[in-house]
file data_3.pdb (PDB, C-alpha atoms)
MODEL        1
ATOM      1  CA  MET A   1     108.337-122.892 -25.192
ATOM      2  CA  SER A   2     111.526-120.883 -24.772
ATOM      3  CA  ALA A   3     114.014-121.304 -21.962
ATOM      4  CA  PRO A   4     114.415-118.525 -19.374
ATOM      5  CA  ASP A   5     117.704-117.229 -20.825
ATOM      6  CA  GLN A   6     115.979-116.615 -24.164
ATOM      7  CA  SER A   7     112.946-114.860 -22.678
ATOM      8  CA  PRO A   8     112.583-111.086 -22.252
ATOM      9  CA  THR A   9     113.441-109.770 -18.799
ATOM     10  CA  LYS A  10     110.645-108.539 -16.568
ATOM     11  CA  SER A  11     111.387-106.230 -13.656
ATOM     12  CA  TYR A  12     109.517-105.992 -10.352
ATOM     13  CA  ALA A  13     110.180-103.314  -7.730
ATOM     14  CA  LEU A  14     110.460-104.060  -4.019
ATOM     15  CA  SER A  15     110.177-101.567  -1.156
ATOM     16  CA  ASP A  16     111.587-101.683   2.391
ATOM     17  CA  LEU A  17     111.351-105.046   4.131
ATOM     18  CA  ARG A  18     110.901-104.746   7.876
ATOM     19  CA  HIS A  19     109.460-107.454  10.100
ATOM     20  CA  ASP A  20     106.129-105.703  10.565
ATOM     21  CA  HIS A  21     102.758-105.626   8.839
ATOM     22  CA  ALA A  22     103.979-103.154   6.196
ATOM     23  CA  GLY A  23     107.031-105.279   5.429
ATOM     24  CA  PHE A  24     104.988-108.423   4.947
ATOM     25  CA  GLU A  25     102.503-106.445   2.862
ATOM     26  CA  SER A  26     105.357-105.449   0.536
ATOM     27  CA  LEU A  27     106.454-109.075   0.319
ATOM     28  CA  VAL A  28     103.032-110.539  -0.500
ATOM     29  CA  GLN A  29     102.478-107.901  -3.159
ATOM     30  CA  LEU A  30     105.755-108.955  -4.762
ATOM     31  CA  TYR A  31     104.703-112.608  -4.672
ATOM     32  CA  ALA A  32     101.314-111.736  -6.174
ATOM     33  CA  ALA A  33     103.141-110.156  -9.109
ATOM     34  CA  LEU A  34     105.541-113.102  -9.524
ATOM     35  CA  LYS A  35     103.436-116.190  -8.915
ATOM     36  CA  ALA A  36     102.054-116.603 -12.439
ATOM     37  CA  ALA A  37     105.483-116.327 -14.122
ATOM     38  CA  ARG A  38     106.801-119.377 -15.953
ATOM     39  CA  PHE A  39     110.008-119.810 -18.007
ATOM     40  CA  ALA A  40     110.864-116.144 -17.489
ATOM     41  CA  ASN A  41     113.835-113.951 -16.628
ATOM     42  CA  LEU A  42     112.789-111.965 -13.567
ATOM     43  CA  GLU A  43     114.636-109.030 -12.034
ATOM     44  CA  ILE A  44     113.839-107.846  -8.516
ATOM     45  CA  ASP A  45     114.622-104.130  -8.536
ATOM     46  CA  MET A  46     115.986-103.307  -5.066
ATOM     47  CA  SER A  47     116.681 -99.615  -5.726
ATOM     48  CA  ARG A  48     113.802 -98.517  -3.463
ATOM     49  CA  VAL A  49     114.871-100.769  -0.584
ATOM     50  CA  GLY A  50     116.585 -98.456   1.877
ATOM     51  CA  TRP A  51     116.159-100.793   4.834
ATOM     52  CA  PHE A  52     116.057-104.589   5.003
ATOM     53  CA  ASP A  53     115.638-106.384   8.327
ATOM     54  CA  ALA A  54     118.026-109.256   7.672
ATOM     55  CA  ASP A  55     115.816-111.907   9.316
ATOM     56  CA  MET A  56     113.267-111.169   6.564
ATOM     57  CA  CYS A  57     115.608-113.096   4.264
ATOM     58  CA  ALA A  58     113.737-116.223   5.416
ATOM     59  CA  PRO A  59     110.334-115.287   3.909
ATOM     60  CA  PHE A  60     111.947-113.340   1.045
ATOM     61  CA  GLY A  61     114.108-116.354   0.183
ATOM     62  CA  ALA A  62     111.040-118.597   0.344
ATOM     63  CA  VAL A  63     109.184-116.394  -2.147
ATOM     64  CA  LEU A  64     112.135-116.320  -4.540
ATOM     65  CA  TYR A  65     112.691-120.079  -4.225
ATOM     66  CA  ARG A  66     109.032-120.734  -5.012
ATOM     67  CA  THR A  67     109.318-118.433  -8.019
ATOM     68  CA  GLY A  68     112.479-120.175  -9.213
ATOM     69  CA  SER A  69     110.811-123.583  -8.878
ATOM     70  CA  HIS A  70     108.509-122.553 -11.733
ATOM     71  CA  VAL A  71     111.473-122.605 -14.130
ATOM     72  CA  ASN A  72     112.166-118.904 -13.805
ATOM     73  CA  LYS A  73     115.560-117.272 -13.542
ATOM     74  CA  VAL A  74     115.517-114.750 -10.683
ATOM     75  CA  SER A  75     118.123-112.018 -10.143
ATOM     76  CA  LEU A  76     118.440-109.132  -7.693
ATOM     77  CA  VAL A  77     119.523-105.796  -9.172
ATOM     78  CA  HIS A  78     120.237-102.210  -8.098
ATOM     79  CA  LEU A  79     120.911-102.990  -4.441
ATOM     80  CA  GLN A  80     121.805-100.026  -2.288
ATOM     81  CA  PRO A  81     125.266-100.473  -0.693
ATOM     82  CA  GLN A  82     124.084-100.864   2.907
ATOM     83  CA  VAL A  83     121.489-103.458   1.924
ATOM     84  CA  GLU A  84     123.969-105.363  -0.229
ATOM     85  CA  THR A  85     126.395-105.489   2.702
ATOM     86  CA  ILE A  86     123.760-106.897   5.077
ATOM     87  CA  LEU A  87     122.612-109.552   2.629
ATOM     88  CA  SER A  88     126.193-110.502   1.822
ATOM     89  CA  LYS A  89     127.183-110.920   5.472
ATOM     90  CA  ASN A  90     124.439-113.457   6.188
ATOM     91  CA  GLY A  91     125.134-115.408   2.991
ATOM     92  CA  PHE A  92     121.818-114.641   1.308
ATOM     93  CA  LEU A  93     123.330-113.091  -1.806
ATOM     94  CA  SER A  94     125.639-116.054  -2.317
ATOM     95  CA  HIS A  95     122.511-117.801  -3.662
ATOM     96  CA  TYR A  96     122.257-115.079  -6.316
ATOM     97  CA  GLY A  97     125.750-114.945  -7.757
ATOM     98  CA  ARG A  98     127.544-112.732  -5.234
ATOM     99  CA  LEU A  99     130.432-113.564  -2.945
ATOM    100  CA  PRO A 100     129.759-113.618   0.807
ATOM    101  CA  VAL A 101     131.229-110.918   3.040
ATOM    102  CA  ARG A 102     132.790-111.750   6.405
ATOM    103  CA  ASP A 103     130.607-110.853   9.382
ATOM    104  CA  ARG A 104     133.292-109.269  11.566
ATOM    105  CA  TYR A 105     130.948-108.403  14.434
ATOM    106  CA  GLY A 106     129.031-111.685  14.590
ATOM    107  CA  THR A 107     125.589-110.083  14.372
ATOM    108  CA  THR A 108     124.128-112.397  11.748
ATOM    109  CA  ILE A 109     122.378-115.747  11.996
ATOM    110  CA  PRO A 110     123.171-117.121   8.518
ATOM    111  CA  TYR A 111     120.470-117.631   5.934
ATOM    112  CA  GLN A 112     119.834-121.332   5.380
ATOM    113  CA  ARG A 113     117.423-123.533   3.469
ATOM    114  CA  PHE A 114     116.650-126.965   4.917
ATOM    115  CA  ASP A 115     114.913-129.977   3.396
ATOM    116  CA  ALA A 116     112.189-131.635   5.446
ATOM    117  CA  LYS A 117     114.594-134.457   6.355
ATOM    118  CA  ASP A 118     117.255-132.056   7.632
ATOM    119  CA  ASP A 119     115.987-132.037  11.232
ATOM    120  CA  ARG A 120     119.407-132.801  12.724
ATOM    121  CA  PHE A 121     121.067-130.045  10.694
ATOM    122  CA  PHE A 122     118.365-127.584  11.749
ATOM    123  CA  ALA A 123     118.798-128.595  15.397
ATOM    124  CA  SER A 124     122.560-128.005  15.177
ATOM    125  CA  TYR A 125     121.982-124.673  13.424
ATOM    126  CA  VAL A 126     119.522-123.492  16.103
ATOM    127  CA  GLU A 127     121.870-124.563  18.896
ATOM    128  CA  ALA A 128     125.015-122.958  17.477
ATOM    129  CA  LYS A 129     123.574-119.859  15.844
ATOM    130  CA  PHE A 130     120.650-118.900  18.103
ATOM    131  CA  VAL A 131     120.253-120.676  21.462
ATOM    132  CA  GLN A 132     123.908-120.272  22.475
ATOM    133  CA  ARG A 133     124.125-116.572  21.613
ATOM    134  CA  THR A 134     125.386-114.508  24.539
ATOM    135  CA  GLU A 135     122.832-111.761  23.849
ATOM    136  CA  LEU A 136     119.956-113.949  25.064
ATOM    137  CA  PRO A 137     118.720-113.348  28.632
ATOM    138  CA  ARG A 138     120.048-115.732  31.274
ATOM    139  CA  MET A 139     118.107-119.006  31.456
ATOM    140  CA  SER A 140     118.334-122.060  33.661
ATOM    141  CA  ALA A 141     119.502-125.332  32.150
ATOM    142  CA  GLY A 142     115.968-126.678  32.099
ATOM    143  CA  LEU A 143     114.568-123.615  30.382
ATOM    144  CA  VAL A 144     117.377-123.581  27.806
ATOM    145  CA  LYS A 145     116.384-127.136  26.920
ATOM    146  CA  ARG A 146     112.696-126.214  26.633
ATOM    147  CA  PHE A 147     113.545-123.056  24.681
ATOM    148  CA  ARG A 148     115.603-125.107  22.230
ATOM    149  CA  GLU A 149     112.764-127.607  21.841
ATOM    150  CA  SER A 150     110.266-124.787  21.295
ATOM    151  CA  VAL A 151     112.261-123.317  18.420
ATOM    152  CA  PHE A 152     112.727-126.772  16.937
ATOM    153  CA  GLU A 153     108.959-127.301  17.097
ATOM    154  CA  ILE A 154     108.557-124.480  14.584
ATOM    155  CA  PHE A 155     110.595-126.588  12.172
ATOM    156  CA  SER A 156     108.626-129.708  13.099
ATOM    157  CA  ASN A 157     105.325-127.934  12.491
ATOM    158  CA  ALA A 158     106.577-126.853   9.087
ATOM    159  CA  VAL A 159     107.412-130.476   8.261
ATOM    160  CA  ILE A 160     104.322-132.123   9.776
ATOM    161  CA  HIS A 161     101.609-129.600   8.989
ATOM    162  CA  SER A 162     102.718-127.580   5.991
ATOM    163  CA  GLN A 163     103.197-130.508   3.597
ATOM    164  CA  SER A 164     105.899-128.427   1.926
ATOM    165  CA  THR A 165     108.150-130.129  -0.601
ATOM    166  CA  LEU A 166     110.253-127.027  -1.243
ATOM    167  CA  GLY A 167     111.964-126.788   2.122
ATOM    168  CA  ILE A 168     112.169-124.597   5.206
ATOM    169  CA  PHE A 169     114.022-121.272   5.288
ATOM    170  CA  SER A 170     115.617-119.592   8.281
ATOM    171  CA  CYS A 171     117.630-116.500   9.101
ATOM    172  CA  GLY A 172     118.249-114.073  11.960
ATOM    173  CA  GLN A 173     119.947-110.864  12.996
ATOM    174  CA  PHE A 174     121.146-109.143  16.165
ATOM    175  CA  PHE A 175     120.474-105.399  16.161
ATOM    176  CA  PRO A 176     122.778-103.976  18.895
ATOM    177  CA  LYS A 177     121.468-100.394  18.737
ATOM    178  CA  ARG A 178     117.883-101.609  19.053
ATOM    179  CA  ASN A 179     118.638-104.298  21.671
ATOM    180  CA  ARG A 180     116.828-106.865  19.580
ATOM    181  CA  LEU A 181     117.665-110.380  18.373
ATOM    182  CA  ASP A 182     115.383-111.647  15.614
ATOM    183  CA  PHE A 183     114.980-115.178  14.319
ATOM    184  CA  SER A 184     112.619-116.190  11.510
ATOM    185  CA  VAL A 185     111.515-119.510  10.012
ATOM    186  CA  ALA A 186     109.426-119.757   6.824
ATOM    187  CA  ASP A 187     107.950-122.648   4.877
ATOM    188  CA  LEU A 188     106.162-123.032   1.541
ATOM    189  CA  GLY A 189     103.354-125.269   2.701
ATOM    190  CA  ILE A 190      99.563-125.214   2.753
ATOM    191  CA  GLY A 191      99.314-122.613   5.503
ATOM    192  CA  ILE A 192      97.526-122.515   8.844
ATOM    193  CA  ARG A 193      94.050-121.651   7.501
ATOM    194  CA  ARG A 194      93.901-124.699   5.243
ATOM    195  CA  ASN A 195      95.474-126.944   7.869
ATOM    196  CA  VAL A 196      92.883-125.910  10.455
ATOM    197  CA  LYS A 197      90.070-126.457   7.958
ATOM    198  CA  GLU A 198      91.302-129.921   6.959
ATOM    199  CA  HIS A 199      91.646-131.112  10.555
ATOM    200  CA  THR A 200      88.703-129.402  12.266
ATOM    201  CA  SER A 201      86.292-128.364   9.471
ATOM    202  CA  LEU A 202      86.526-124.785  10.770
ATOM    203  CA  ASP A 203      86.544-122.466   7.739
ATOM    204  CA  LEU A 204      88.096-119.357   9.263
ATOM    205  CA  PRO A 205      89.616-116.273   7.657
ATOM    206  CA  ALA A 206      93.404-116.523   7.591
ATOM    207  CA  HIS A 207      94.060-114.149  10.508
ATOM    208  CA  GLU A 208      91.415-115.834  12.676
ATOM    209  CA  ALA A 209      92.882-119.243  11.858
ATOM    210  CA  ILE A 210      96.266-118.116  13.213
ATOM    211  CA  ALA A 211      94.620-116.791  16.382
ATOM    212  CA  TRP A 212      92.779-120.120  16.775
ATOM    213  CA  ALA A 213      95.975-122.131  16.243
ATOM    214  CA  THR A 214      97.938-120.084  18.783
ATOM    215  CA  SER A 215      95.310-120.511  21.476
ATOM    216  CA  GLU A 216      96.560-122.699  24.320
ATOM    217  CA  ARG A 217      93.704-125.201  24.064
ATOM    218  CA  ASN A 218      93.637-125.621  20.299
ATOM    219  CA  THR A 219      95.714-127.983  18.166
ATOM    220  CA  THR A 220      95.457-129.829  14.867
ATOM    221  CA  LYS A 221      97.851-132.567  15.977
ATOM    222  CA  ARG A 222      96.565-136.062  16.615
ATOM    223  CA  GLY A 223      97.997-138.677  18.943
ATOM    224  CA  PRO A 224      99.400-138.735  22.478
ATOM    225  CA  ILE A 225     101.734-135.738  22.104
ATOM    226  CA  PRO A 226      99.923-132.391  22.392
ATOM    227  CA  GLY A 227     100.730-129.723  19.833
ATOM    228  CA  GLY A 228     101.365-126.025  20.246
ATOM    229  CA  LEU A 229     103.356-126.268  23.493
ATOM    230  CA  GLY A 230     106.449-124.831  21.818
ATOM    231  CA  LEU A 231     104.691-121.712  20.618
ATOM    232  CA  LYS A 232     102.975-121.389  24.012
ATOM    233  CA  LEU A 233     106.301-121.340  25.862
ATOM    234  CA  LEU A 234     107.820-118.917  23.356
ATOM    235  CA  ALA A 235     104.781-116.639  23.692
ATOM    236  CA  GLU A 236     105.048-116.700  27.501
ATOM    237  CA  PHE A 237     108.755-115.938  27.352
ATOM    238  CA  ILE A 238     108.268-113.130  24.814
ATOM    239  CA  THR A 239     105.631-111.535  27.036
ATOM    240  CA  LEU A 240     107.891-111.563  30.127
ATOM    241  CA  ASN A 241     110.909-110.510  28.069
ATOM    242  CA  ARG A 242     108.989-107.604  26.471
ATOM    243  CA  GLY A 243     109.910-108.844  23.022
ATOM    244  CA  ARG A 244     107.663-109.554  20.056
ATOM    245  CA  MET A 245     106.390-112.512  18.070
ATOM    246  CA  GLN A 246     104.775-112.555  14.636
ATOM    247  CA  ILE A 247     103.117-115.203  12.484
ATOM    248  CA  VAL A 248     102.120-114.754   8.850
ATOM    249  CA  SER A 249     100.239-117.441   6.957
ATOM    250  CA  ASP A 250      98.140-117.171   3.804
ATOM    251  CA  ALA A 251      96.695-113.632   4.001
ATOM    252  CA  GLY A 252      96.721-113.558   7.791
ATOM    253  CA  TYR A 253      98.983-111.546  10.098
ATOM    254  CA  TRP A 254      99.225-112.126  13.865
ATOM    255  CA  SER A 255     101.498-110.370  16.345
ATOM    256  CA  LEU A 256     102.140-110.558  20.080
ATOM    257  CA  GLU A 257     103.667-107.586  21.880
ATOM    258  CA  ASN A 258     103.421-106.314  25.458
ATOM    259  CA  GLY A 259     101.247-109.297  26.313
ATOM    260  CA  HIS A 260      98.600-108.403  23.746
ATOM    261  CA  SER A 261      97.938-110.142  20.437
ATOM    262  CA  GLN A 262      96.599-108.446  17.329
ATOM    263  CA  THR A 263      95.463-109.799  13.988
ATOM    264  CA  ALA A 264      95.097-108.254  10.549
ATOM    265  CA  LEU A 265      94.629-109.284   6.948
ATOM    266  CA  LEU A 266      97.180-108.805   4.179
ATOM    267  CA  SER A 267      96.127-107.756   0.681
ATOM    268  CA  ALA A 268      97.425-111.025  -0.810
ATOM    269  CA  PRO A 269      98.515-114.420   0.553
ATOM    270  CA  PHE A 270     101.995-115.470   1.533
ATOM    271  CA  PRO A 271     102.694-118.902  -0.029
ATOM    272  CA  GLY A 272     103.186-120.670   3.287
ATOM    273  CA  THR A 273     103.834-119.683   6.907
ATOM    274  CA  VAL A 274     106.373-117.428   8.652
ATOM    275  CA  VAL A 275     107.169-117.370  12.372
ATOM    276  CA  ASN A 276     109.314-114.520  13.698
ATOM    277  CA  VAL A 277     110.595-114.295  17.268
ATOM    278  CA  GLU A 278     112.132-111.036  18.492
ATOM    279  CA  ILE A 279     114.076-111.158  21.775
ATOM    280  CA  ASN A 280     114.638-108.053  23.898
ATOM    281  CA  THR A 281     118.370-108.304  24.615
ATOM    282  CA  ALA A 282     118.301-105.391  27.089
ATOM    283  CA  ASP A 283     116.509-107.748  29.499
ATOM    284  CA  ARG A 284     118.926-108.473  32.372
ATOM    285  CA  ARG A 285     116.631-110.773  34.354
ATOM    286  CA  SER A 286     117.143-114.507  34.816
ATOM    287  CA  TYR A 287     114.520-117.065  33.798
ATOM    288  CA  ALA A 288     113.777-120.598  34.910
ATOM    289  CA  LEU A 289     110.994-123.171  34.889
ATOM    290  CA  THR A 290     108.690-123.267  37.911
ATOM    291  CA  SER A 291     109.888-126.807  38.592
ATOM    292  CA  GLU A 292     113.471-125.568  39.057
ATOM    293  CA  VAL A 293     113.149-122.628  41.441
ATOM    294  CA  LYS A 294     110.744-121.146  43.952
ATOM    295  CA  GLU A 295     111.162-117.391  43.650
ATOM    296  CA  THR A 296     112.459-115.796  40.439
ATOM    297  CA  ASP A 297     111.125-114.887  37.017
ATOM    298  CA  ILE A 298     109.556-118.225  36.238
ATOM    299  CA  PHE A 299     107.414-120.168  33.814
TER     300      PHE A 299
ENDMDL
END

call {"tool": "encode", "arguments": {"input": "data_3.pdb", "output": "structure tokens"}}
result
Amino acid sequence: MSAPDQSPTKSYALSDLRHDHAGFESLVQLYAALKAARFANLEIDMSRVGWFDADMCAPFGAVLYRTGSHVNKVSLVHLQPQVETILSKNGFLSHYGRLPVRDRYGTTIPYQRFDAKDDRFFASYVEAKFVQRTELPRMSAGLVKRFRESVFEIFSNAVIHSQSTLGIFSCGQFFPKRNRLDFSVADLGIGIRRNVKEHTSLDLPAHEAIAWATSERNTTKRGPIPGGLGLKLLAEFITLNRGRMQIVSDAGYWSLENGHSQTALLSAPFPGTVVNVEINTADRRSYALTSEVKETDIF
């Protein structure tokens, strides 16, 4: 069996990657084309990518890492200048042989991969790169603490439930013209559908499994500490903030916007789970827990 450097190069085209159903559809189609490759040289042709939401580096990086773990050599070619600049500023391209570019305006949340044991590093990363950003709406001290814990629970869920041995991937981006701050976390685990089935015997389609798992009363955790409270608080905040939240797992897609959730199926599975939180930074209200104040925007 020949080594990757001695194998012929195969090229796969990618289209725009936005954090929406179409963007995730593009990503799962790419993974469907790559997942059987072994000991191969693989080129991802980026010539058709005119727009790349930088927080999508988390699921994109997860797909490429999974592909590379199968003893493939993966390279990115024909990047358009504006896309190359974005992916250089957040450090993503430094994993693929390119030098990083200084982020002069501080709009990026750097791309990072964490091992399952890196909980303290992830906590520091979330605190410094996301929770303390000045673009976030004003929050009370108690809510900041709960907000931090809620984001960290996404990491904890990836470690506890996903059974991933390949790590957790995270990235984010502030979009000043759109008044949006996005933060994404992806893992390469068993996915929500399989996790729900193993713990409850419910054999649901992927999108219905996500809807079940995000319901306030449902959890696959066992023991004295209830699960899902982090996602519940984030969902409540996103609804009041008029932001958006998305979860992709297996072939399921779930989104929450304007207080309404929607589900859909993708044409192929994502090899794990992605959680994306989009904050509306034009929100000038202040938020606090109900236990802290009597009359304000509260939880």

call {"tool": "closest_atom_pairs", "arguments": {"input": "data_3.pdb", "of": "region 102-190 of chain A", "to": "region 62-78 of chain A", "cutoff": "9 Å", "atoms": "only C-alpha atoms", "output": "JSON lines"}}
result
{"residue": "A:Arg113", "atom": "CA", "partner": "A:Ala62", "partner_atom": "CA", "distance": 8.7}
{"residue": "A:Leu166", "atom": "CA", "partner": "A:Arg66", "partner_atom": "CA", "distance": 7.4}
{"residue": "A:Gly167", "atom": "CA", "partner": "A:Ala62", "partner_atom": "CA", "distance": 8.4}
{"residue": "A:Ile168", "atom": "CA", "partner": "A:Ala62", "partner_atom": "CA", "distance": 7.8}
{"residue": "A:Phe169", "atom": "CA", "partner": "A:Ala62", "partner_atom": "CA", "distance": 6.4}
{"residue": "A:Ala186", "atom": "CA", "partner": "A:Ala62", "partner_atom": "CA", "distance": 6.8}
{"residue": "A:Asp187", "atom": "CA", "partner": "A:Ala62", "partner_atom": "CA", "distance": 6.8}
{"residue": "A:Leu188", "atom": "CA", "partner": "A:Ala62", "partner_atom": "CA", "distance": 6.7}

call {"tool": "resolve_selection", "arguments": {"input": "data_3.pdb", "expression": "the PyMOL selection byres ((chain A and resi 32) around 12)", "output": "PyMOL selection string"}}
result
chain A and resi 12+25-31+33-37+63-64+66-67+250-251+266-271

call {"tool": "residues_around", "arguments": {"input": "data_3.pdb", "residues": "Asp53 (chain A)", "least_positions_apart": "2", "cutoff": "8 Å", "atoms": "only C-alpha atoms", "output": "ChimeraX atom specification"}}
result
/A:17-19,51,55-57,173

call {"tool": "write_last_selection", "arguments": {"input": "data_3.pdb", "atoms": "C-alpha atoms", "output": "PDB file, in the coordinates of the input"}}
result
ATOM      1  CA  LEU A  17     111.351-105.046   4.131  1.00  0.00           C
ATOM      2  CA  ARG A  18     110.901-104.746   7.876  1.00  0.00           C
ATOM      3  CA  HIS A  19     109.460-107.454  10.100  1.00  0.00           C
ATOM      4  CA  TRP A  51     116.159-100.793   4.834  1.00  0.00           C
ATOM      5  CA  ASP A  55     115.816-111.907   9.316  1.00  0.00           C
ATOM      6  CA  MET A  56     113.267-111.169   6.564  1.00  0.00           C
ATOM      7  CA  CYS A  57     115.608-113.096   4.264  1.00  0.00           C
ATOM      8  CA  GLN A 173     119.947-110.864  12.996  1.00  0.00           C
TER       9      GLN A 173
END

call {"tool": "resolve_selection", "arguments": {"input": "data_3.pdb", "expression": "the PyMOL selection byres ((chain A and resi 210) around 8)", "output": "PDB file with C-alpha atoms, in the frame of the given file"}}
result
ATOM      1  CA  ILE A 192      97.526-122.515   8.844  1.00  0.00           C
ATOM      2  CA  ARG A 193      94.050-121.651   7.501  1.00  0.00           C
ATOM      3  CA  ALA A 206      93.404-116.523   7.591  1.00  0.00           C
ATOM      4  CA  HIS A 207      94.060-114.149  10.508  1.00  0.00           C
ATOM      5  CA  GLU A 208      91.415-115.834  12.676  1.00  0.00           C
ATOM      6  CA  ALA A 209      92.882-119.243  11.858  1.00  0.00           C
ATOM      7  CA  ALA A 211      94.620-116.791  16.382  1.00  0.00           C
ATOM      8  CA  TRP A 212      92.779-120.120  16.775  1.00  0.00           C
ATOM      9  CA  ALA A 213      95.975-122.131  16.243  1.00  0.00           C
ATOM     10  CA  THR A 214      97.938-120.084  18.783  1.00  0.00           C
ATOM     11  CA  ILE A 247     103.117-115.203  12.484  1.00  0.00           C
ATOM     12  CA  SER A 249     100.239-117.441   6.957  1.00  0.00           C
ATOM     13  CA  GLY A 252      96.721-113.558   7.791  1.00  0.00           C
ATOM     14  CA  TYR A 253      98.983-111.546  10.098  1.00  0.00           C
ATOM     15  CA  TRP A 254      99.225-112.126  13.865  1.00  0.00           C
TER      16      TRP A 254
END

call {"tool": "resolve_selection", "arguments": {"input": "data_3.pdb", "expression": "the PyMOL selection byres ((chain A and resi 238) around 10)", "output": "NGL selection string"}}
result
:A and (232-237 or 239-245 or 256-259 or 277-280)

call {"tool": "closest_residue", "arguments": {"input": "data_3.pdb", "among": "A:Arg180, A:Ala264, A:Gly142, A:Asn157", "to": "Ala22 (chain A)", "atoms": "all atoms listed in the file"}}
result
A:Ala264
